[in-house]
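Undergrad: What follows is data.tsv; its format and atoms are TSV, C-alpha atoms.
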chain	number	residue	atom	x	y	z
A	137	MET	CA	19.49	-50.38	4.88
A	138	THR	CA	16.98	-51.30	2.23
A	139	LEU	CA	15.28	-54.66	1.98
A	140	ASP	CA	17.23	-55.51	-1.20
A	141	LEU	CA	20.56	-54.93	0.49
A	142	ALA	CA	19.57	-56.95	3.57
A	143	LEU	CA	18.47	-59.83	1.31
A	144	PHE	CA	21.72	-59.60	-0.62
A	145	LEU	CA	23.86	-59.71	2.53
A	146	VAL	CA	22.02	-62.67	4.04
A	147	LEU	CA	22.13	-64.58	0.75
A	148	SER	CA	25.82	-63.89	0.22
A	149	LEU	CA	26.52	-65.19	3.72
A	150	VAL	CA	24.63	-68.38	2.84
A	151	ALA	CA	26.50	-68.66	-0.49
A	152	ILE	CA	29.95	-68.24	1.07
A	153	ALA	CA	29.14	-70.55	3.99
A	154	SER	CA	27.87	-73.28	1.68
A	155	ALA	CA	30.93	-72.94	-0.58
A	156	LEU	CA	33.18	-73.28	2.47
A	157	GLY	CA	31.13	-76.25	3.63
A	158	MET	CA	31.67	-77.86	0.22
A	159	LEU	CA	35.39	-77.25	0.56
A	160	LEU	CA	35.81	-78.42	4.15
A	161	SER	CA	33.50	-81.41	4.62
A	162	ARG	CA	35.28	-84.75	4.60
A	163	ASN	CA	32.41	-86.70	3.09
A	164	ALA	CA	31.92	-86.14	-0.65
A	165	VAL	CA	28.12	-86.59	-0.36
A	166	TYR	CA	27.95	-83.65	2.08
A	167	SER	CA	30.11	-81.61	-0.30
A	168	ALA	CA	27.68	-82.27	-3.13
A	169	LEU	CA	24.68	-81.28	-0.99
A	170	PHE	CA	26.42	-78.05	0.11
A	171	LEU	CA	27.11	-77.31	-3.54
A	172	VAL	CA	23.39	-77.74	-4.35
A	173	LEU	CA	22.60	-75.13	-1.68
A	174	ASN	CA	25.20	-72.82	-3.22
A	175	PHE	CA	23.71	-73.23	-6.71
A	176	VAL	CA	20.21	-72.47	-5.45
A	177	THR	CA	21.50	-69.33	-3.69
A	178	VAL	CA	23.18	-68.18	-6.90
A	179	ALA	CA	19.84	-68.77	-8.67
A	180	VAL	CA	18.19	-66.37	-6.21
A	181	PHE	CA	20.94	-63.83	-7.02
A	182	TYR	CA	19.99	-64.16	-10.70
A	183	LEU	CA	16.39	-63.38	-9.75
A	184	LEU	CA	17.62	-60.29	-7.85
A	185	LEU	CA	19.57	-59.24	-10.94
A	186	GLY	CA	16.48	-59.47	-13.12
A	187	ALA	CA	17.32	-62.69	-14.97
A	188	PRO	CA	14.46	-65.10	-14.16
A	189	PHE	CA	15.12	-67.42	-17.13
A	190	ILE	CA	18.77	-67.92	-16.15
A	191	ALA	CA	17.70	-68.51	-12.55
A	192	MET	CA	15.33	-71.30	-13.58
A	193	ALA	CA	17.89	-72.78	-15.99
A	194	GLN	CA	20.43	-72.73	-13.14
A	195	ILE	CA	18.10	-74.69	-10.85
A	196	THR	CA	17.08	-77.22	-13.52
A	197	VAL	CA	20.50	-77.82	-15.06
A	198	TYR	CA	22.91	-77.33	-12.15
A	199	ALA	CA	20.95	-78.22	-9.03
A	200	GLY	CA	18.80	-80.74	-10.88
A	201	ALA	CA	20.80	-82.53	-13.55
A	202	ILE	CA	24.48	-81.95	-12.82
A	203	MET	CA	24.39	-82.51	-9.07
A	204	VAL	CA	22.23	-85.64	-9.42
A	205	LEU	CA	24.89	-86.97	-11.80
A	206	PHE	CA	27.58	-86.11	-9.23
A	207	LEU	CA	25.70	-87.88	-6.43
A	208	PHE	CA	25.18	-90.93	-8.64
A	209	VAL	CA	28.90	-91.15	-9.39
A	210	ILE	CA	29.91	-90.61	-5.73
A	211	MET	CA	27.59	-93.38	-4.59
A	212	LEU	CA	28.50	-95.63	-7.54
A	213	LEU	CA	32.21	-95.42	-6.81
A	214	GLY	CA	31.76	-95.62	-3.03
A	215	THR	CA	34.65	-93.23	-2.41
A	216	GLU	CA	32.97	-90.77	-0.08
A	217	ASP	CA	36.00	-90.44	2.14
A	218	LEU	CA	39.65	-90.83	1.15
A	219	PRO	CA	42.33	-91.92	3.65
A	220	LYS	CA	44.52	-89.11	4.90
A	221	SER	CA	47.96	-88.68	3.38
A	222	GLN	CA	50.17	-85.65	3.00
A	223	VAL	CA	52.44	-85.97	0.00
A	224	LEU	CA	53.26	-82.27	-0.16
A	225	PRO	CA	52.94	-80.76	3.33
A	226	TRP	CA	53.74	-77.21	2.19
A	227	GLN	CA	51.08	-77.25	-0.52
A	228	ARG	CA	48.10	-76.33	1.68
A	229	PRO	CA	49.45	-73.12	3.32
A	230	LEU	CA	50.99	-71.99	0.03
A	231	ALA	CA	47.68	-72.55	-1.78
A	232	ILE	CA	45.75	-70.51	0.80
A	233	VAL	CA	48.21	-67.60	0.74
A	234	LEU	CA	48.26	-67.49	-3.08
A	235	SER	CA	44.46	-67.68	-3.25
A	236	VAL	CA	44.04	-64.75	-0.86
A	237	LEU	CA	46.44	-62.80	-3.09
A	238	LEU	CA	44.39	-63.80	-6.15
A	239	ALA	CA	41.16	-62.66	-4.47
A	240	ALA	CA	42.67	-59.28	-3.53
A	241	GLU	CA	44.08	-58.68	-7.01
A	242	ALA	CA	40.91	-59.75	-8.82
A	243	THR	CA	38.70	-57.61	-6.60
A	244	TYR	CA	40.95	-54.58	-7.03
A	245	LEU	CA	41.15	-54.92	-10.82
A	246	LEU	CA	37.47	-55.70	-11.37
A	247	VAL	CA	36.25	-52.90	-9.11
A	248	THR	CA	38.64	-50.22	-10.34
A	249	LYS	CA	39.32	-51.08	-13.98
A	250	ALA	CA	36.43	-53.15	-15.34
A	251	ARG	CA	33.64	-51.20	-13.70
A	252	PRO	CA	30.73	-50.53	-16.09
A	253	ALA	CA	29.37	-47.04	-16.58
A	254	GLY	CA	26.09	-47.57	-14.77
A	255	ASP	CA	27.59	-48.41	-11.41
A	256	VAL	CA	24.43	-48.90	-9.40
A	257	LEU	CA	21.95	-51.64	-10.20
A	258	GLN	CA	18.39	-50.47	-10.33
A	259	PRO	CA	16.01	-52.31	-8.03
A	260	GLU	CA	14.60	-54.91	-10.37
A	261	ALA	CA	11.24	-55.15	-8.64
A	262	SER	CA	9.31	-54.59	-11.85
A	263	VAL	CA	10.98	-57.20	-14.03
A	264	ASN	CA	8.35	-58.65	-16.29
A	265	THR	CA	9.08	-62.36	-16.60
A	266	MET	CA	7.24	-62.82	-19.88
A	267	ASP	CA	9.00	-59.78	-21.33
A	268	ASN	CA	12.40	-61.14	-20.27
A	269	LEU	CA	11.61	-64.53	-21.81
A	270	ARG	CA	10.36	-63.01	-25.06
A	271	GLN	CA	13.45	-60.83	-25.51
A	272	LEU	CA	15.82	-63.69	-24.66
A	273	GLY	CA	14.06	-66.02	-27.08
A	274	ASN	CA	14.13	-63.44	-29.86
A	275	LEU	CA	17.87	-62.85	-29.39
A	276	LEU	CA	18.62	-66.56	-29.10
A	277	PHE	CA	16.93	-67.45	-32.38
A	278	THR	CA	18.08	-64.45	-34.42
A	279	ASP	CA	21.47	-63.01	-33.45
A	280	TYR	CA	22.73	-66.08	-31.59
A	281	LEU	CA	21.29	-68.82	-33.80
A	282	LEU	CA	24.66	-70.24	-34.89
A	283	PRO	CA	26.05	-70.59	-31.33
A	284	PHE	CA	22.75	-72.21	-30.34
A	285	GLU	CA	23.10	-74.87	-33.03
A	286	VAL	CA	26.78	-75.39	-32.20
A	287	VAL	CA	25.81	-75.99	-28.56
A	288	SER	CA	23.30	-78.63	-29.63
A	289	ILE	CA	26.03	-80.45	-31.57
A	290	LEU	CA	28.37	-80.11	-28.58
A	291	LEU	CA	25.77	-81.73	-26.31
A	292	LEU	CA	25.37	-84.60	-28.79
A	293	VAL	CA	29.15	-85.11	-28.92
A	294	ALA	CA	29.37	-85.05	-25.11
A	295	MET	CA	26.58	-87.63	-24.86
A	296	VAL	CA	28.25	-89.99	-27.35
A	297	GLY	CA	31.63	-89.44	-25.67
A	298	ALA	CA	30.29	-90.25	-22.20
A	299	ILE	CA	28.62	-93.44	-23.46
A	300	ILE	CA	31.76	-94.60	-25.29
A	301	LEU	CA	34.04	-93.82	-22.32
A	302	THR	CA	31.99	-95.76	-19.79
A	303	LYS	CA	30.99	-98.66	-22.06
A	304	LYS	CA	32.56	-101.99	-21.19
A	305	GLU	CA	34.58	-103.29	-24.12
A	306	LYS	CA	33.16	-106.59	-25.30
A	307	GLY	CA	35.74	-109.29	-25.88
A	308	ALA	CA	38.57	-107.28	-24.35
A	309	ARG	CA	37.85	-108.53	-20.83
A	310	GLN	CA	37.35	-112.20	-21.65
B	20	MET	CA	19.82	-50.59	-4.79
B	21	ILE	CA	22.75	-52.96	-4.74
B	22	PRO	CA	26.02	-51.65	-6.23
B	23	VAL	CA	27.48	-53.96	-8.87
B	24	ASP	CA	30.74	-53.98	-6.88
B	25	TYR	CA	29.11	-56.11	-4.19
B	26	TYR	CA	28.27	-58.79	-6.73
B	27	ILE	CA	31.82	-58.66	-8.11
B	28	ILE	CA	33.32	-59.07	-4.65
B	29	LEU	CA	30.98	-61.97	-3.85
B	30	SER	CA	31.83	-63.62	-7.16
B	31	THR	CA	35.55	-63.20	-6.50
B	32	ILE	CA	35.20	-64.79	-3.06
B	33	LEU	CA	33.31	-67.78	-4.50
B	34	PHE	CA	35.88	-68.13	-7.29
B	35	THR	CA	38.72	-68.09	-4.76
B	36	ILE	CA	37.04	-70.78	-2.66
B	37	GLY	CA	36.86	-72.87	-5.85
B	38	VAL	CA	40.58	-72.27	-6.53
B	39	VAL	CA	41.46	-73.34	-2.98
B	40	GLY	CA	39.36	-76.46	-3.47
B	41	VAL	CA	41.22	-77.41	-6.64
B	42	LEU	CA	44.61	-76.81	-5.01
B	43	VAL	CA	44.00	-78.37	-1.60
B	44	ARG	CA	41.66	-81.34	-2.00
B	45	ARG	CA	42.84	-84.66	-3.44
B	46	ASN	CA	39.49	-86.30	-4.19
B	47	ALA	CA	38.99	-85.92	-7.95
B	48	LEU	CA	35.22	-85.52	-7.50
B	49	ILE	CA	35.66	-82.63	-5.04
B	50	ILE	CA	38.13	-80.98	-7.43
B	51	PHE	CA	35.53	-81.30	-10.17
B	52	MET	CA	32.86	-79.75	-7.92
B	53	SER	CA	35.23	-76.85	-7.17
B	54	ILE	CA	35.57	-76.27	-10.92
B	55	GLU	CA	31.76	-76.08	-11.13
B	56	LEU	CA	31.83	-73.54	-8.28
B	57	MET	CA	34.32	-71.40	-10.23
B	58	LEU	CA	32.14	-71.56	-13.36
B	59	ASN	CA	29.20	-70.43	-11.26
B	60	ALA	CA	31.13	-67.50	-9.79
B	61	ALA	CA	32.09	-66.37	-13.29
B	62	ASN	CA	28.45	-66.69	-14.41
B	63	LEU	CA	27.35	-64.52	-11.49
B	64	ALA	CA	29.84	-61.82	-12.48
B	65	ILE	CA	28.68	-61.94	-16.12
B	66	VAL	CA	25.02	-61.58	-15.19
B	67	ALA	CA	25.83	-58.75	-12.75
B	68	PHE	CA	27.76	-56.82	-15.41
B	69	GLY	CA	25.02	-57.48	-17.98
B	70	SER	CA	22.39	-56.22	-15.56
B	71	ALA	CA	24.43	-53.09	-14.79
B	72	LEU	CA	24.85	-52.39	-18.53
B	73	LYS	CA	21.16	-53.16	-19.23
B	74	SER	CA	22.21	-55.73	-21.83
B	75	PHE	CA	20.76	-59.13	-22.61
B	76	SER	CA	24.00	-60.49	-24.04
B	77	GLY	CA	25.24	-61.40	-20.57
B	78	GLN	CA	22.24	-63.64	-19.96
B	79	ILE	CA	22.62	-65.31	-23.37
B	80	PHE	CA	26.30	-65.90	-22.70
B	81	VAL	CA	25.53	-67.47	-19.31
B	82	PHE	CA	22.92	-69.69	-20.98
B	83	PHE	CA	25.62	-71.05	-23.31
B	84	VAL	CA	28.06	-71.46	-20.40
B	85	ILE	CA	25.47	-73.54	-18.54
B	86	ALA	CA	24.98	-75.78	-21.60
B	87	VAL	CA	28.74	-76.24	-22.05
B	88	ALA	CA	29.11	-76.98	-18.31
B	89	ALA	CA	26.51	-79.74	-18.61
B	90	ALA	CA	28.45	-81.32	-21.48
B	91	GLU	CA	31.72	-80.95	-19.56
B	92	VAL	CA	30.29	-82.66	-16.47
B	93	ALA	CA	29.02	-85.63	-18.49
B	94	VAL	CA	32.42	-86.25	-20.12
B	95	GLY	CA	34.42	-85.47	-16.97
B	96	LEU	CA	32.44	-87.85	-14.78
B	97	ALA	CA	32.77	-90.56	-17.43
B	98	LEU	CA	36.55	-90.05	-17.33
B	99	ILE	CA	36.58	-90.23	-13.52
B	100	VAL	CA	34.57	-93.48	-13.59
B	101	GLU	CA	37.03	-94.92	-16.11
B	102	ILE	CA	40.04	-93.84	-13.97
B	103	PHE	CA	38.42	-95.48	-10.94
B	104	ARG	CA	38.00	-98.72	-12.90
B	105	THR	CA	41.67	-98.92	-13.82
B	106	LYS	CA	43.32	-97.50	-10.64
B	107	LYS	CA	40.66	-98.44	-8.02
B	108	SER	CA	41.03	-94.94	-6.54
B	109	ILE	CA	40.13	-91.35	-7.35
B	110	ASP	CA	42.88	-89.84	-5.22
B	111	VAL	CA	44.76	-87.50	-7.58
B	112	ASP	CA	48.04	-88.32	-5.79
B	113	GLN	CA	47.70	-91.90	-7.07
B	114	MET	CA	47.54	-90.78	-10.70
B	115	SER	CA	51.30	-90.63	-11.19
B	116	SER	CA	51.84	-93.25	-13.89
B	117	MET	CA	53.41	-90.67	-16.21
B	118	LYS	CA	55.83	-89.39	-13.55
B	119	GLY	CA	59.43	-89.82	-14.65
Written as structure tokens, how would this file's structure read?

TA:
Amino acid sequence: MTLDLALFLVLSLVAIASALGMLLSRNAVYSALFLVLNFVTVAVFYLLLGAPFIAMAQITVYAGAIMVLFLFVIMLLGTEDLPKSQVLPWQRPLAIVLSVLLAAEATYLLVTKARPAGDVLQPEASVNTMDNLRQLGNLLFTDYLLPFEVVSILLLVAMVGAIILTKKEKGARQ
Amino acid sequence: MIPVDYYIILSTILFTIGVVGVLVRRNALIIFMSIELMLNAANLAIVAFGSALKSFSGQIFVFFVIAVAAAEVAVGLALIVEIFRTKKSIDVDQMSSMKG
């Protein structure tokens, strides 16, 4: 067993365990913290796959910005734990059975049908970070310039939308 | 040497955990976090395929997905805050005003 494979197996155990912890913990703050751990683990997977820029973007945007926003909202609303109630008692077992089916089908189809030609990843020990960044930047500002600009407009629209949605209407409350 | 299949299987498992979260939990915030988990699993699969094909397009695509996810979270959390203000709860079972 090579070092890469051992690292992969340990990290995937951490990723799956933290995802399950997110799913199973009763307190929403714990769920958010488990999800941060999961995002950081996925960032390490990106490093293993030779994508250092995406790994850093993952940590800054997901683990940094998005999860801080989540924690703010959880603590702002004060709804860490909901009271128990079972409206549809058969929903939980049915959901688990169907999800296991989904996992089996997706794994089968992706592994047998969608498999790329080069089926073994090269050990990416010699990934040059500056080289990766330079190539990504070149592509982003030449071939993908239009999507890049569209994303900037999308972010502006999302910002305005979030402000308008949460703004208290003046006059309406009085 | 890690076969790309391993990454695909891991990504499928993470995606399935996200699906179970959306179906089973009733806290709207946890459902939203499960959606983020599913997005992340899909991103992992894209980067793994891109790395196996020696292509940079996968990484560019994931970059755009991350930007769109950030926008989605901002609007989604604003909606959840607004729902909490009107219904005083974020339990999705309570959001049944449109039920006939």

Undergrad: Residues of chain B within 8 Å of chain A, using all atoms listed in the file, as a ChimeraX atom specification?

TA: /B:20-24,27-29,31-33,35-40,42-44,46,48-49,52-53,56,59,63,66-68,70-72,75,78-79,81-83,85-87,89-94,96-98,100-101,103,108-110,112

Undergrad: For the residues in the current selection, export C-alpha atoms as an mmCIF file, keeping the file's coordinate frame.

TA:
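Writing done, so here's result.cif:
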data_model
loop_
_atom_site.group_PDB
_atom_site.id
_atom_site.type_symbol
_atom_site.label_atom_id
_atom_site.label_comp_id
_atom_site.auth_asym_id
_atom_site.auth_seq_id
_atom_site.Cartn_x
_atom_site.Cartn_y
_atom_site.Cartn_z
ATOM 1 C CA MET B 20 19.820 -50.590 -4.790
ATOM 2 C CA ILE B 21 22.750 -52.960 -4.740
ATOM 3 C CA PRO B 22 26.020 -51.650 -6.230
ATOM 4 C CA VAL B 23 27.480 -53.960 -8.870
ATOM 5 C CA ASP B 24 30.740 -53.980 -6.880
ATOM 6 C CA ILE B 27 31.820 -58.660 -8.110
ATOM 7 C CA ILE B 28 33.320 -59.070 -4.650
ATOM 8 C CA LEU B 29 30.980 -61.970 -3.850
ATOM 9 C CA THR B 31 35.550 -63.200 -6.500
ATOM 10 C CA ILE B 32 35.200 -64.790 -3.060
ATOM 11 C CA LEU B 33 33.310 -67.780 -4.500
ATOM 12 C CA THR B 35 38.720 -68.090 -4.760
ATOM 13 C CA ILE B 36 37.040 -70.780 -2.660
ATOM 14 C CA GLY B 37 36.860 -72.870 -5.850
ATOM 15 C CA VAL B 38 40.580 -72.270 -6.530
ATOM 16 C CA VAL B 39 41.460 -73.340 -2.980
ATOM 17 C CA GLY B 40 39.360 -76.460 -3.470
ATOM 18 C CA LEU B 42 44.610 -76.810 -5.010
ATOM 19 C CA VAL B 43 44.000 -78.370 -1.600
ATOM 20 C CA ARG B 44 41.660 -81.340 -2.000
ATOM 21 C CA ASN B 46 39.490 -86.300 -4.190
ATOM 22 C CA LEU B 48 35.220 -85.520 -7.500
ATOM 23 C CA ILE B 49 35.660 -82.630 -5.040
ATOM 24 C CA MET B 52 32.860 -79.750 -7.920
ATOM 25 C CA SER B 53 35.230 -76.850 -7.170
ATOM 26 C CA LEU B 56 31.830 -73.540 -8.280
ATOM 27 C CA ASN B 59 29.200 -70.430 -11.260
ATOM 28 C CA LEU B 63 27.350 -64.520 -11.490
ATOM 29 C CA VAL B 66 25.020 -61.580 -15.190
ATOM 30 C CA ALA B 67 25.830 -58.750 -12.750
ATOM 31 C CA PHE B 68 27.760 -56.820 -15.410
ATOM 32 C CA SER B 70 22.390 -56.220 -15.560
ATOM 33 C CA ALA B 71 24.430 -53.090 -14.790
ATOM 34 C CA LEU B 72 24.850 -52.390 -18.530
ATOM 35 C CA PHE B 75 20.760 -59.130 -22.610
ATOM 36 C CA GLN B 78 22.240 -63.640 -19.960
ATOM 37 C CA ILE B 79 22.620 -65.310 -23.370
ATOM 38 C CA VAL B 81 25.530 -67.470 -19.310
ATOM 39 C CA PHE B 82 22.920 -69.690 -20.980
ATOM 40 C CA PHE B 83 25.620 -71.050 -23.310
ATOM 41 C CA ILE B 85 25.470 -73.540 -18.540
ATOM 42 C CA ALA B 86 24.980 -75.780 -21.600
ATOM 43 C CA VAL B 87 28.740 -76.240 -22.050
ATOM 44 C CA ALA B 89 26.510 -79.740 -18.610
ATOM 45 C CA ALA B 90 28.450 -81.320 -21.480
ATOM 46 C CA GLU B 91 31.720 -80.950 -19.560
ATOM 47 C CA VAL B 92 30.290 -82.660 -16.470
ATOM 48 C CA ALA B 93 29.020 -85.630 -18.490
ATOM 49 C CA VAL B 94 32.420 -86.250 -20.120
ATOM 50 C CA LEU B 96 32.440 -87.850 -14.780
ATOM 51 C CA ALA B 97 32.770 -90.560 -17.430
ATOM 52 C CA LEU B 98 36.550 -90.050 -17.330
ATOM 53 C CA VAL B 100 34.570 -93.480 -13.590
ATOM 54 C CA GLU B 101 37.030 -94.920 -16.110
ATOM 55 C CA PHE B 103 38.420 -95.480 -10.940
ATOM 56 C CA SER B 108 41.030 -94.940 -6.540
ATOM 57 C CA ILE B 109 40.130 -91.350 -7.350
ATOM 58 C CA ASP B 110 42.880 -89.840 -5.220
ATOM 59 C CA ASP B 112 48.040 -88.320 -5.790
#

Undergrad: By how many Å are atom CA of B:Ile102 and atom CA of B:Phe34 apart?

TA: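 That distance, rounded to one decimal, is 26.9 Å.
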
Undergrad: Interatomic distance between atom CA of B:Asn62 and atom CA of B:Ser74?

TA: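 Answer for the atom CA of B:Asn62 to atom CA of B:Ser74 separation: 14.6 Å.
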
Undergrad: Hey, can you check how far atom CA of B:Ala47 sits from atom CA of B:Val111?

TA: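 According to the coordinates, atom CA of B:Ala47 and atom CA of B:Val111 are separated by 6.0 Å.
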